[in-house]
$ cat target.txt   # compact mmCIF, C-alpha atoms
# COMPACT_ATOMS: atom_id res chain seq x y z
CA MET A 18 92.98 -14.18 30.73
CA LYS A 19 90.92 -17.40 30.45
CA PHE A 20 87.23 -16.46 30.62
CA CYS A 21 84.97 -13.95 28.86
CA ASN A 22 84.12 -11.08 31.21
CA LEU A 23 80.76 -10.61 29.45
CA CYS A 24 79.37 -14.19 29.48
CA GLY A 25 81.87 -16.24 31.55
CA ALA A 26 82.62 -18.74 28.74
CA PRO A 27 86.21 -19.90 27.96
CA LEU A 28 88.41 -17.71 25.73
CA ILE A 29 90.37 -18.91 22.70
CA LEU A 30 93.58 -17.24 21.46
CA LEU A 31 93.30 -16.60 17.70
CA VAL A 32 93.86 -13.94 15.04
CA PRO A 33 90.38 -12.56 14.23
CA PRO A 34 89.46 -11.99 10.55
CA GLY A 35 90.96 -8.69 9.35
CA ASP A 36 93.32 -8.47 12.33
CA ASN A 37 97.11 -8.91 12.48
CA PHE A 38 97.53 -9.98 16.10
CA PRO A 39 96.32 -12.93 18.23
CA ARG A 40 93.48 -11.89 20.53
CA HIS A 41 91.51 -13.54 23.31
CA VAL A 42 88.14 -14.30 21.67
CA CYS A 43 85.10 -15.73 23.48
CA SER A 44 84.21 -19.25 22.34
CA VAL A 45 80.48 -18.57 22.90
CA CYS A 46 79.58 -14.89 22.42
CA GLY A 47 82.50 -14.03 20.07
CA GLU A 48 83.58 -10.93 22.01
CA ILE A 49 87.18 -9.92 21.27
CA HIS A 50 89.10 -8.95 24.41
CA TYR A 51 91.83 -6.49 23.47
CA ARG A 52 94.74 -5.72 25.78
CA ASN A 53 96.45 -2.38 25.37
CA PRO A 54 99.21 -0.36 27.06
CA LYS A 55 98.36 1.67 30.15
CA LEU A 56 99.20 5.29 30.82
CA VAL A 57 101.05 6.23 34.00
CA VAL A 58 100.85 9.99 34.59
CA GLY A 59 102.83 12.06 37.08
CA CYS A 60 104.10 15.51 37.93
CA ILE A 61 107.45 17.25 38.42
CA ALA A 62 106.14 19.82 40.90
CA GLU A 63 108.44 22.73 41.78
CA TRP A 64 108.39 25.06 44.79
CA ASN A 65 111.17 27.65 45.28
CA GLU A 66 113.40 25.72 42.84
CA ARG A 67 112.91 22.50 44.78
CA ILE A 68 111.13 19.38 43.49
CA LEU A 69 108.50 17.37 45.37
CA LEU A 70 109.25 13.67 45.80
CA CYS A 71 107.35 10.95 47.69
CA ARG A 72 108.80 7.93 49.47
CA ARG A 73 106.80 4.83 48.56
CA ALA A 74 104.76 3.06 51.25
CA ILE A 75 103.79 0.26 48.85
CA GLU A 76 105.42 -2.32 46.63
CA PRO A 77 107.10 -2.33 44.21
CA ARG A 78 110.10 -0.37 45.50
CA HIS A 79 108.79 0.18 49.03
CA GLY A 80 110.89 2.89 50.73
CA ARG A 81 112.26 4.36 47.47
CA TRP A 82 111.65 7.93 46.30
CA THR A 83 109.49 8.77 43.29
CA LEU A 84 107.61 11.57 41.59
CA PRO A 85 103.90 11.55 42.40
CA ALA A 86 102.44 9.41 39.57
CA GLY A 87 100.02 6.60 38.93
CA PHE A 88 97.71 4.89 36.47
CA MET A 89 95.41 7.25 34.56
CA GLU A 90 91.72 6.60 35.31
CA ASN A 91 88.83 6.42 32.87
CA GLY A 92 86.92 9.69 32.52
CA GLU A 93 89.82 12.07 33.13
CA THR A 94 92.33 14.00 31.00
CA THR A 95 96.07 13.43 31.25
CA GLN A 96 96.54 16.75 33.10
CA GLN A 97 93.73 15.90 35.51
CA ALA A 98 95.49 12.59 36.19
CA ALA A 99 98.74 14.42 37.02
CA VAL A 100 96.91 16.80 39.39
CA ARG A 101 94.97 13.94 41.05
CA GLU A 102 98.06 11.78 41.61
CA THR A 103 99.95 14.71 43.15
CA CYS A 104 97.03 15.29 45.48
CA GLU A 105 96.62 11.59 46.38
CA GLU A 106 100.28 10.74 46.93
CA ALA A 107 101.68 14.05 48.24
CA CYS A 108 98.56 15.88 49.52
CA ALA A 109 99.68 18.80 47.34
CA ARG A 110 97.82 21.15 45.00
CA VAL A 111 99.62 21.72 41.72
CA GLU A 112 99.18 23.85 38.61
CA ILE A 113 100.33 22.17 35.41
CA ASP A 114 102.60 23.94 32.92
CA ALA A 115 103.33 21.46 30.11
CA LEU A 116 104.28 17.91 29.24
CA ALA A 117 107.97 17.32 30.03
CA SER A 118 108.64 13.63 29.27
CA LEU A 119 106.94 10.79 27.40
CA ILE A 120 108.54 7.41 28.09
CA SER A 121 107.49 4.17 26.38
CA ILE A 122 108.21 0.95 28.30
CA PRO A 123 107.14 -1.79 25.85
CA ALA A 124 108.23 -4.68 28.10
CA PHE A 125 105.74 -3.48 30.73
CA ASP A 126 103.03 -2.36 28.26
CA GLN A 127 103.16 1.14 29.74
CA VAL A 128 103.59 4.74 28.60
CA HIS A 129 104.68 7.22 31.29
CA LEU A 130 103.85 10.93 31.01
CA PHE A 131 105.47 13.47 33.35
CA TYR A 132 104.17 17.03 33.44
CA ARG A 133 105.97 20.10 34.70
CA GLY A 134 104.02 21.98 37.35
CA ARG A 135 104.18 24.32 40.35
CA LEU A 136 102.84 23.83 43.86
CA VAL A 137 99.98 26.26 44.49
CA ASP A 138 100.76 27.08 48.12
CA GLY A 139 103.80 25.04 49.14
CA ASP A 140 101.73 22.67 51.28
CA PHE A 141 102.32 18.93 51.01
CA GLY A 142 102.10 15.76 53.05
CA ALA A 143 102.05 11.97 52.80
CA GLY A 144 99.12 10.25 51.09
CA ALA A 145 98.08 6.66 51.83
CA GLU A 146 100.68 5.24 49.40
CA SER A 147 103.56 7.40 50.69
CA LEU A 148 105.73 7.14 53.84
CA GLU A 149 106.64 10.83 53.52
CA SER A 150 107.04 13.62 50.98
CA ALA A 151 109.79 16.22 50.77
CA LEU A 152 111.18 19.01 48.60
CA PHE A 153 114.66 18.50 47.12
CA THR A 154 117.12 20.83 45.46
CA GLU A 155 118.82 19.40 42.37
CA ALA A 156 121.98 18.77 44.42
CA ASP A 157 120.04 16.84 47.07
CA ILE A 158 118.02 14.45 44.85
CA PRO A 159 118.62 10.93 46.24
CA TRP A 160 119.54 9.49 42.82
CA SER A 161 120.54 6.06 44.14
CA GLU A 162 117.21 5.72 45.93
CA ILE A 163 114.87 6.63 43.06
CA ALA A 164 112.20 3.96 42.60
CA PHE A 165 111.86 3.84 38.82
CA GLN A 166 114.15 4.44 35.85
CA SER A 167 111.48 6.55 34.13
CA VAL A 168 111.49 8.94 37.10
CA THR A 169 115.29 9.26 36.90
CA LEU A 170 115.07 10.01 33.16
CA ALA A 171 112.32 12.60 33.64
CA LEU A 172 114.16 14.35 36.50
CA ARG A 173 117.51 14.48 34.65
CA ALA A 174 115.84 15.92 31.52
CA TYR A 175 114.01 18.47 33.66
CA PHE A 176 117.15 19.73 35.42
CA ALA A 177 119.07 19.87 32.12
CA ASP A 178 116.28 21.99 30.62
CA ARG A 179 116.12 24.26 33.65
CA THR A 180 119.87 24.81 33.43
CA ALA A 181 119.54 25.55 29.70
CA GLY A 182 116.79 28.08 30.42
CA ARG A 183 114.20 26.45 28.16
CA PHE A 184 111.90 23.43 28.41
CA LEU A 185 111.33 20.82 25.69
CA LEU A 186 109.33 17.61 25.46
CA HIS A 187 111.68 14.66 25.97
CA GLU A 188 110.82 11.29 24.54
CA HIS A 189 112.52 8.08 25.63
CA ASP A 190 112.07 4.35 25.15
CA LEU A 191 113.00 2.19 28.13
CA HIS A 192 113.95 -1.38 27.29
CA CYS A 193 114.12 -3.31 30.55
CA MET B 23 82.06 -6.57 32.71
CA LYS B 24 80.28 -9.32 34.69
CA PHE B 25 82.69 -12.24 35.10
CA CYS B 26 86.30 -12.67 36.26
CA ASN B 27 88.55 -13.34 33.28
CA LEU B 28 90.90 -15.41 35.49
CA CYS B 29 88.45 -17.80 37.17
CA GLY B 30 85.06 -17.15 35.53
CA ALA B 31 83.26 -16.24 38.79
CA PRO B 32 80.86 -13.25 39.04
CA LEU B 33 82.30 -9.77 39.64
CA ILE B 34 81.14 -7.31 42.30
CA LEU B 35 81.46 -3.52 41.97
CA LEU B 36 83.07 -2.08 45.12
CA VAL B 37 85.77 0.32 46.33
CA PRO B 38 88.70 -1.91 47.39
CA PRO B 39 90.52 -1.09 50.65
CA GLY B 40 92.98 1.77 50.08
CA ASP B 41 91.38 2.72 46.76
CA ASN B 42 89.30 5.78 45.85
CA PHE B 43 87.28 4.38 42.94
CA PRO B 44 84.76 1.54 42.49
CA ARG B 45 86.36 -1.46 40.75
CA HIS B 46 85.11 -4.77 39.42
CA VAL B 47 86.37 -7.30 41.99
CA CYS B 48 86.05 -11.08 41.69
CA SER B 49 83.70 -12.59 44.28
CA VAL B 50 85.80 -15.79 44.45
CA CYS B 51 89.50 -15.15 43.69
CA GLY B 52 89.52 -11.44 44.71
CA GLU B 53 91.22 -10.23 41.52
CA ILE B 54 90.66 -6.49 40.90
CA HIS B 55 89.84 -5.74 37.26
CA TYR B 56 90.99 -2.19 36.46
CA ARG B 57 89.78 -0.32 33.40
CA ASN B 58 92.01 2.43 32.04
CA PRO B 59 92.11 4.82 29.07
CA LYS B 60 93.46 3.58 25.76
CA LEU B 61 96.04 5.24 23.57
CA VAL B 62 95.23 5.91 19.91
CA VAL B 63 98.41 6.76 17.99
CA GLY B 64 98.71 8.19 14.49
CA CYS B 65 100.90 10.10 12.08
CA ILE B 66 100.81 13.37 10.15
CA ALA B 67 102.99 12.13 7.28
CA GLU B 68 104.25 14.73 4.81
CA TRP B 69 105.55 14.29 1.25
CA ASN B 70 106.42 17.35 -0.85
CA GLU B 71 104.39 19.59 1.49
CA ARG B 72 101.33 17.37 1.13
CA ILE B 73 99.74 15.28 3.92
CA LEU B 74 98.72 11.63 3.67
CA LEU B 75 95.07 10.89 4.52
CA CYS B 76 93.11 7.62 4.36
CA ARG B 77 89.41 7.19 3.57
CA ARG B 78 87.86 4.79 6.07
CA ALA B 79 86.56 1.42 4.86
CA ILE B 80 85.18 0.57 8.33
CA GLU B 81 82.79 1.99 10.89
CA PRO B 82 82.66 4.36 12.64
CA ARG B 83 82.70 7.11 9.99
CA HIS B 84 82.87 4.80 6.97
CA GLY B 85 83.83 6.86 3.88
CA ARG B 86 85.30 9.77 5.87
CA TRP B 87 88.96 10.86 5.68
CA THR B 88 91.39 10.44 8.58
CA LEU B 89 95.05 10.42 9.47
CA PRO B 90 96.47 6.89 9.70
CA ALA B 91 95.97 6.02 13.39
CA GLY B 92 94.76 3.25 15.66
CA PHE B 93 94.94 1.64 19.07
CA MET B 94 98.45 1.18 20.43
CA GLU B 95 99.35 -2.50 20.93
CA ASN B 96 101.08 -4.12 23.90
CA GLY B 97 104.83 -4.54 23.41
CA GLU B 98 105.46 -1.50 21.24
CA THR B 99 106.55 2.11 21.76
CA THR B 100 104.34 5.06 20.83
CA GLN B 101 106.52 5.85 17.79
CA GLN B 102 106.43 2.21 16.68
CA ALA B 103 102.63 2.38 16.91
CA ALA B 104 102.56 5.47 14.65
CA VAL B 105 104.83 3.76 12.09
CA ARG B 106 102.81 0.51 12.20
CA GLU B 107 99.44 2.24 11.77
CA THR B 108 100.75 4.26 8.80
CA CYS B 109 101.95 1.01 7.23
CA GLU B 110 98.73 -0.91 7.96
CA GLU B 111 96.24 1.76 6.89
CA ALA B 112 98.13 3.55 4.10
CA CYS B 113 100.78 0.97 3.04
CA ALA B 114 103.35 3.74 3.57
CA ARG B 115 106.76 3.82 5.21
CA VAL B 116 107.29 6.83 7.44
CA GLU B 117 110.09 8.34 9.50
CA ILE B 118 108.94 10.01 12.70
CA ASP B 119 110.08 13.52 13.67
CA ALA B 120 108.33 14.41 16.95
CA LEU B 121 105.07 14.40 18.84
CA ALA B 122 102.73 17.08 17.46
CA SER B 123 99.44 16.72 19.37
CA LEU B 124 98.22 15.04 22.55
CA ILE B 125 94.42 15.03 22.84
CA SER B 126 92.52 13.72 25.87
CA ILE B 127 88.96 12.54 25.24
CA PRO B 128 87.68 11.65 28.72
CA ALA B 129 84.14 10.77 27.56
CA PHE B 130 85.61 8.00 25.39
CA ASP B 131 88.40 7.00 27.82
CA GLN B 132 90.97 7.69 25.14
CA VAL B 133 94.17 9.70 24.66
CA HIS B 134 95.16 10.42 21.05
CA LEU B 135 98.81 11.03 20.07
CA PHE B 136 99.68 12.36 16.60
CA TYR B 137 103.31 12.38 15.48
CA ARG B 138 104.85 14.47 12.71
CA GLY B 139 106.66 12.38 10.11
CA ARG B 140 107.86 12.14 6.52
CA LEU B 141 107.15 9.47 3.93
CA VAL B 142 110.36 7.58 3.16
CA ASP B 143 109.80 7.11 -0.58
CA GLY B 144 106.44 8.66 -1.46
CA ASP B 145 104.79 5.27 -1.94
CA PHE B 146 101.37 4.66 -0.39
CA GLY B 147 98.22 2.64 -0.94
CA ALA B 148 95.05 1.43 0.75
CA GLY B 149 95.29 -0.99 3.66
CA ALA B 150 92.48 -3.37 4.66
CA GLU B 151 90.71 -0.67 6.71
CA SER B 152 90.97 2.04 4.01
CA LEU B 153 89.01 2.60 0.77
CA GLU B 154 91.85 4.74 -0.58
CA SER B 155 94.72 6.98 0.50
CA ALA B 156 95.80 10.29 -1.00
CA LEU B 157 98.14 13.25 -0.50
CA PHE B 158 96.52 16.64 0.13
CA THR B 159 97.87 20.17 0.12
CA GLU B 160 96.67 22.35 2.99
CA ALA B 161 94.21 24.07 0.63
CA ASP B 162 92.74 20.75 -0.51
CA ILE B 163 92.13 19.08 2.88
CA PRO B 164 88.48 17.88 2.86
CA TRP B 165 87.68 19.53 6.21
CA SER B 166 83.96 18.75 6.10
CA GLU B 167 84.68 15.07 5.47
CA ILE B 168 87.22 14.47 8.26
CA ALA B 169 86.21 11.45 10.36
CA PHE B 170 87.21 12.60 13.86
CA GLN B 171 87.45 15.90 15.70
CA SER B 172 90.88 14.96 17.09
CA VAL B 173 92.19 14.62 13.53
CA THR B 174 90.84 18.06 12.62
CA LEU B 175 92.52 19.57 15.71
CA ALA B 176 95.85 17.88 14.96
CA LEU B 177 95.83 18.94 11.30
CA ARG B 178 94.91 22.57 12.05
CA ALA B 179 97.67 22.82 14.69
CA TYR B 180 100.16 21.25 12.27
CA PHE B 181 99.41 23.70 9.45
CA ALA B 182 99.49 26.67 11.85
CA ASP B 183 102.93 25.55 13.06
CA ARG B 184 104.20 24.99 9.52
CA THR B 185 103.08 28.50 8.58
CA ALA B 186 104.80 29.89 11.69
CA GLY B 187 108.01 28.09 10.76
CA ARG B 188 108.30 26.15 14.05
CA PHE B 189 106.66 23.10 15.56
CA LEU B 190 105.33 22.80 19.11
CA LEU B 191 103.53 20.10 21.06
CA HIS B 192 99.82 20.95 21.15
CA GLU B 193 97.64 19.65 23.95
CA HIS B 194 93.85 19.65 23.77
CA ASP B 195 90.97 18.20 25.74
CA LEU B 196 87.95 17.14 23.71
CA HIS B 197 84.66 17.11 25.60
CA CYS B 198 82.12 15.37 23.38

$ encode --input "target.txt" --output "C-alpha cells"
Amino acid sequence: MKFCNLCGAPLILLVPPGDNFPRHVCSVCGEIHYRNPKLVVGCIAEWNERILLCRRAIEPRHGRWTLPAGFMENGETTQQAAVRETCEEACARVEIDALASLISIPAFDQVHLFYRGRLVDGDFGAGAESLESALFTEADIPWSEIAFQSVTLALRAYFADRTAGRFLLHEHDLHC
Amino acid sequence: MKFCNLCGAPLILLVPPGDNFPRHVCSVCGEIHYRNPKLVVGCIAEWNERILLCRRAIEPRHGRWTLPAGFMENGETTQQAAVRETCEEACARVEIDALASLISIPAFDQVHLFYRGRLVDGDFGAGAESLESALFTEADIPWSEIAFQSVTLALRAYFADRTAGRFLLHEHDLHC
C-alpha cells in the first residue's frame, strides 16, 4: 500500500494521534487507510448424512477438496454469504441451521465461519471455481486431500458433534 | 476509491473475468481492489453480576453508553480483539468465556461479535475513547442511552440467557 486511493498522493506509515497502531496515512489529504481482517464464510451442507465437498479448480490448492466457502461480500449477512458461496461453488441450494465453527487465522488476517446446513433438494454441481462436487459419508472424507486446515477442523468438530447427538459452536485459533 | 494504492493510477469499476461483482480494478497494473465487511469485536464483561459499560468520548454517539468494542486489527484473534478493546476502552483485564452474539449489519458492511467474559480483578477506568466506565446491574442498564442497537441486542440476549441459567450463541441481522 503506497498511494492514497482517494487522491493518489503517497502514503506515510505513522501512528495517528489517539491511535495505538501504525497506519498508512495520506501525505496530502490526511486520510487514514485502515487494514482489517477478512471474513471467509462457508457451509457444512448435509444430505442423507453425507457432506457436500468441492474440488478446487483454482489456486491455492488446485485439485484439493474443500467445503464451499469464500470471502464475505459487502452488503450481505454472514448466513447470506454461506448460502451464496454454496450456490456459486457447488450449484446447490442450502438452508442454514446454525454457526458450527469460528476459526481465527491471525497470520493470514482472516476469520473463517462455517455454518451447518442442509441441501434443499439434493441437487448440486460444479461452479466456475470447482472441478467437481460430491457427497461424502464421514468414512469416505478424503482427509489427506483437504485443501485447508480450517476445513479439516470444522469437519472433525462437526462429525464429533453429530456422533455426540448435539451441536455446539467450536472456536479455534490457527497459528500457521 | 479512485486510485490504485499500489501504483497510484486511476481505478475503473468493472466485473473482472470469472467474478460476479463489480470491483475497482487498476487501469495500469490490473490490481483488483476488493472491499469486504469489517469485524467489530467487543465484550460483555461481568463482575459480581454487574456488567461493565463505557460512556463514549468520541463520535458517533458521543456521551452514550456502550460495551467495550472496536474494529478487529490484523494479526490478532477474535478473542484477543475482545480483550484488547476492553483494556483500551475500559482499562480492564478480562477473561473470555465464549461467543454470545453475532450480529450482521449489511447496510454498514459490518459483523459485530460480542463475547461473554469476567473481569479478572474488578479494576476498570476510562480509556482515551471513554468519558467514564461503570458497572451496572441488569435493572440499572441505561437502555435509552445505549449507543448502538447491536449493543442493546447483545445485552438483552445476555440477560435473558442468564435468567434462563444457560448461555447460547445468538445470531441477529440488523437492517438499518

$ residues_around --input "target.txt" --residues "range 115-131 of chain B" --least-positions-apart "2" --cutoff "6 Å" --atoms "only C-alpha atoms" --output "compact mmCIF listing (two decimals) with C-alpha atoms, in the frame of the given file"
# COMPACT_ATOMS: atom_id res chain seq x y z
CA ASN A 91 88.83 6.42 32.87
CA GLY A 92 86.92 9.69 32.52
CA GLU A 93 89.82 12.07 33.13
CA THR A 94 92.33 14.00 31.00
CA PRO B 59 92.11 4.82 29.07
CA CYS B 109 101.95 1.01 7.23
CA VAL B 133 94.17 9.70 24.66
CA HIS B 134 95.16 10.42 21.05
CA LEU B 135 98.81 11.03 20.07
CA PHE B 136 99.68 12.36 16.60
CA TYR B 137 103.31 12.38 15.48
CA ARG B 138 104.85 14.47 12.71
CA GLY B 139 106.66 12.38 10.11
CA ARG B 140 107.86 12.14 6.52
CA LEU B 141 107.15 9.47 3.93
CA VAL B 142 110.36 7.58 3.16
CA ALA B 176 95.85 17.88 14.96
CA LEU B 191 103.53 20.10 21.06
CA HIS B 192 99.82 20.95 21.15
CA GLU B 193 97.64 19.65 23.95
CA HIS B 194 93.85 19.65 23.77
CA ASP B 195 90.97 18.20 25.74
CA LEU B 196 87.95 17.14 23.71

$ atom_distance --input "target.txt" --atom1 "CA of Phe93 in chain B" --atom2 "CA of Lys60 in chain B"
7.1 Å

$ closest_residue --input "target.txt" --among "A:Ile75, A:His50, A:Arg40, A:Arg179" --to "Cys21 in chain A" --atoms "only C-alpha atoms"
A:His50

$ calpha_fit_and_write --input "target.txt" --fixed "chain A" --moving "chain B" --output "short mmCIF file (atom, residue, chain, number, x, y, z; two decimals) with C-alpha atoms, in the frame of the given file"
data_model
loop_
_atom_site.label_atom_id
_atom_site.label_comp_id
_atom_site.auth_asym_id
_atom_site.auth_seq_id
_atom_site.Cartn_x
_atom_site.Cartn_y
_atom_site.Cartn_z
CA MET B 23 92.96 -14.19 30.72
CA LYS B 24 90.89 -17.40 30.46
CA PHE B 25 87.20 -16.45 30.62
CA CYS B 26 84.94 -13.93 28.86
CA ASN B 27 84.11 -11.06 31.20
CA LEU B 28 80.74 -10.58 29.45
CA CYS B 29 79.35 -14.13 29.48
CA GLY B 30 81.81 -16.20 31.54
CA ALA B 31 82.58 -18.70 28.74
CA PRO B 32 86.16 -19.88 27.96
CA LEU B 33 88.37 -17.72 25.73
CA ILE B 34 90.34 -18.92 22.71
CA LEU B 35 93.55 -17.27 21.47
CA LEU B 36 93.29 -16.62 17.71
CA VAL B 37 93.86 -13.96 15.04
CA PRO B 38 90.38 -12.58 14.23
CA PRO B 39 89.47 -12.00 10.56
CA GLY B 40 90.99 -8.72 9.35
CA ASP B 41 93.34 -8.50 12.34
CA ASN B 42 97.13 -8.93 12.49
CA PHE B 43 97.54 -10.01 16.11
CA PRO B 44 96.32 -12.95 18.24
CA ARG B 45 93.46 -11.89 20.54
CA HIS B 46 91.49 -13.55 23.30
CA VAL B 47 88.11 -14.30 21.68
CA CYS B 48 85.07 -15.71 23.48
CA SER B 49 84.17 -19.23 22.35
CA VAL B 50 80.44 -18.55 22.90
CA CYS B 51 79.54 -14.86 22.41
CA GLY B 52 82.48 -14.00 20.07
CA GLU B 53 83.56 -10.91 22.01
CA ILE B 54 87.18 -9.91 21.27
CA HIS B 55 89.10 -8.97 24.42
CA TYR B 56 91.85 -6.49 23.47
CA ARG B 57 94.75 -5.74 25.78
CA ASN B 58 96.47 -2.38 25.37
CA PRO B 59 99.23 -0.36 27.07
CA LYS B 60 98.39 1.67 30.15
CA LEU B 61 99.22 5.28 30.81
CA VAL B 62 101.06 6.22 34.01
CA VAL B 63 100.87 9.98 34.59
CA GLY B 64 102.84 12.06 37.08
CA CYS B 65 104.11 15.51 37.94
CA ILE B 66 107.45 17.25 38.42
CA ALA B 67 106.13 19.83 40.90
CA GLU B 68 108.43 22.73 41.78
CA TRP B 69 108.36 25.07 44.79
CA ASN B 70 111.13 27.64 45.26
CA GLU B 71 113.38 25.74 42.83
CA ARG B 72 112.91 22.50 44.76
CA ILE B 73 111.12 19.37 43.49
CA LEU B 74 108.49 17.37 45.37
CA LEU B 75 109.25 13.66 45.81
CA CYS B 76 107.34 10.95 47.70
CA ARG B 77 108.81 7.92 49.49
CA ARG B 78 106.80 4.83 48.58
CA ALA B 79 104.78 3.06 51.27
CA ILE B 80 103.79 0.25 48.86
CA GLU B 81 105.44 -2.32 46.64
CA PRO B 82 107.10 -2.32 44.20
CA ARG B 83 110.11 -0.36 45.49
CA HIS B 84 108.80 0.19 49.02
CA GLY B 85 110.92 2.89 50.73
CA ARG B 86 112.28 4.35 47.48
CA TRP B 87 111.64 7.94 46.31
CA THR B 88 109.49 8.78 43.29
CA LEU B 89 107.63 11.58 41.59
CA PRO B 90 103.90 11.54 42.39
CA ALA B 91 102.45 9.40 39.57
CA GLY B 92 100.04 6.57 38.92
CA PHE B 93 97.72 4.88 36.47
CA MET B 94 95.43 7.22 34.56
CA GLU B 95 91.74 6.59 35.31
CA ASN B 96 88.84 6.40 32.86
CA GLY B 97 86.94 9.67 32.52
CA GLU B 98 89.82 12.06 33.12
CA THR B 99 92.32 14.00 31.00
CA THR B 100 96.07 13.43 31.24
CA GLN B 101 96.54 16.74 33.10
CA GLN B 102 93.72 15.88 35.51
CA ALA B 103 95.49 12.58 36.19
CA ALA B 104 98.75 14.41 37.02
CA VAL B 105 96.91 16.79 39.39
CA ARG B 106 94.97 13.93 41.05
CA GLU B 107 98.06 11.76 41.60
CA THR B 108 99.96 14.71 43.14
CA CYS B 109 97.02 15.27 45.48
CA GLU B 110 96.61 11.58 46.38
CA GLU B 111 100.28 10.73 46.92
CA ALA B 112 101.68 14.02 48.24
CA CYS B 113 98.55 15.86 49.52
CA ALA B 114 99.67 18.79 47.34
CA ARG B 115 97.82 21.12 45.00
CA VAL B 116 99.62 21.71 41.73
CA GLU B 117 99.17 23.83 38.62
CA ILE B 118 100.32 22.16 35.42
CA ASP B 119 102.60 23.93 32.92
CA ALA B 120 103.32 21.46 30.10
CA LEU B 121 104.29 17.92 29.24
CA ALA B 122 107.98 17.32 30.02
CA SER B 123 108.65 13.63 29.28
CA LEU B 124 106.95 10.80 27.40
CA ILE B 125 108.55 7.41 28.10
CA SER B 126 107.51 4.17 26.38
CA ILE B 127 108.23 0.96 28.28
CA PRO B 128 107.16 -1.78 25.85
CA ALA B 129 108.26 -4.67 28.11
CA PHE B 130 105.76 -3.49 30.73
CA ASP B 131 103.06 -2.35 28.26
CA GLN B 132 103.18 1.12 29.74
CA VAL B 133 103.62 4.73 28.59
CA HIS B 134 104.70 7.21 31.28
CA LEU B 135 103.85 10.94 31.00
CA PHE B 136 105.47 13.46 33.36
CA TYR B 137 104.16 17.03 33.44
CA ARG B 138 105.97 20.11 34.71
CA GLY B 139 104.02 21.98 37.38
CA ARG B 140 104.17 24.32 40.36
CA LEU B 141 102.83 23.82 43.86
CA VAL B 142 99.97 26.25 44.47
CA ASP B 143 100.75 27.06 48.12
CA GLY B 144 103.79 25.02 49.14
CA ASP B 145 101.72 22.66 51.29
CA PHE B 146 102.32 18.91 51.00
CA GLY B 147 102.11 15.74 53.05
CA ALA B 148 102.05 11.96 52.80
CA GLY B 149 99.14 10.24 51.09
CA ALA B 150 98.08 6.65 51.82
CA GLU B 151 100.68 5.23 49.40
CA SER B 152 103.57 7.39 50.69
CA LEU B 153 105.73 7.14 53.84
CA GLU B 154 106.65 10.81 53.51
CA SER B 155 107.04 13.61 50.97
CA ALA B 156 109.79 16.22 50.76
CA LEU B 157 111.18 19.02 48.59
CA PHE B 158 114.66 18.50 47.13
CA THR B 159 117.10 20.84 45.45
CA GLU B 160 118.80 19.42 42.36
CA ALA B 161 121.96 18.78 44.41
CA ASP B 162 120.03 16.86 47.06
CA ILE B 163 118.02 14.47 44.85
CA PRO B 164 118.61 10.94 46.24
CA TRP B 165 119.55 9.51 42.82
CA SER B 166 120.55 6.09 44.15
CA GLU B 167 117.22 5.73 45.95
CA ILE B 168 114.88 6.64 43.06
CA ALA B 169 112.21 3.96 42.61
CA PHE B 170 111.88 3.86 38.81
CA GLN B 171 114.16 4.45 35.85
CA SER B 172 111.49 6.56 34.12
CA VAL B 173 111.50 8.94 37.08
CA THR B 174 115.29 9.27 36.91
CA LEU B 175 115.08 10.03 33.16
CA ALA B 176 112.33 12.62 33.65
CA LEU B 177 114.17 14.37 36.50
CA ARG B 178 117.51 14.49 34.66
CA ALA B 179 115.85 15.93 31.53
CA TYR B 180 114.00 18.49 33.66
CA PHE B 181 117.14 19.74 35.41
CA ALA B 182 119.07 19.87 32.12
CA ASP B 183 116.28 22.00 30.62
CA ARG B 184 116.12 24.27 33.66
CA THR B 185 119.87 24.83 33.43
CA ALA B 186 119.53 25.57 29.70
CA GLY B 187 116.79 28.10 30.42
CA ARG B 188 114.17 26.44 28.17
CA PHE B 189 111.90 23.43 28.41
CA LEU B 190 111.34 20.82 25.70
CA LEU B 191 109.33 17.62 25.45
CA HIS B 192 111.68 14.68 25.97
CA GLU B 193 110.83 11.29 24.53
CA HIS B 194 112.55 8.09 25.63
CA ASP B 195 112.09 4.37 25.16
CA LEU B 196 113.02 2.20 28.13
CA HIS B 197 113.98 -1.37 27.28
CA CYS B 198 114.15 -3.28 30.55
#

$ atom_distance --input "target.txt" --atom1 "CA of Cys46 in chain A" --atom2 "CA of Arg83 in chain B"
25.5 Å

$ atom_distance --input "target.txt" --atom1 "CA of Asn58 in chain B" --atom2 "CA of His46 in chain B"
12.4 Å

$ residues_around --input "target.txt" --residues "Pro85 in chain A" --least-positions-apart "4" --cutoff "12 Å" --atoms "all atoms listed in the file" --output "compact mmCIF listing (two decimals) with C-alpha atoms, in the coordinates of the input"
# COMPACT_ATOMS: atom_id res chain seq x y z
CA VAL A 57 101.05 6.23 34.00
CA VAL A 58 100.85 9.99 34.59
CA GLY A 59 102.83 12.06 37.08
CA CYS A 60 104.10 15.51 37.93
CA ILE A 61 107.45 17.25 38.42
CA ALA A 62 106.14 19.82 40.90
CA ILE A 68 111.13 19.38 43.49
CA LEU A 69 108.50 17.37 45.37
CA LEU A 70 109.25 13.67 45.80
CA CYS A 71 107.35 10.95 47.69
CA ARG A 72 108.80 7.93 49.47
CA ARG A 73 106.80 4.83 48.56
CA ALA A 98 95.49 12.59 36.19
CA ALA A 99 98.74 14.42 37.02
CA VAL A 100 96.91 16.80 39.39
CA ARG A 101 94.97 13.94 41.05
CA GLU A 102 98.06 11.78 41.61
CA THR A 103 99.95 14.71 43.15
CA CYS A 104 97.03 15.29 45.48
CA GLU A 105 96.62 11.59 46.38
CA GLU A 106 100.28 10.74 46.93
CA ALA A 107 101.68 14.05 48.24
CA CYS A 108 98.56 15.88 49.52
CA ALA A 109 99.68 18.80 47.34
CA ARG A 110 97.82 21.15 45.00
CA VAL A 111 99.62 21.72 41.72
CA HIS A 129 104.68 7.22 31.29
CA LEU A 130 103.85 10.93 31.01
CA PHE A 131 105.47 13.47 33.35
CA TYR A 132 104.17 17.03 33.44
CA ARG A 133 105.97 20.10 34.70
CA GLY A 134 104.02 21.98 37.35
CA PHE A 141 102.32 18.93 51.01
CA GLY A 142 102.10 15.76 53.05
CA ALA A 143 102.05 11.97 52.80
CA GLY A 144 99.12 10.25 51.09
CA GLU A 146 100.68 5.24 49.40
CA SER A 147 103.56 7.40 50.69
CA GLU A 149 106.64 10.83 53.52
CA SER A 150 107.04 13.62 50.98
CA ALA A 151 109.79 16.22 50.77
CA ALA A 164 112.20 3.96 42.60
CA PHE A 165 111.86 3.84 38.82
CA VAL A 168 111.49 8.94 37.10
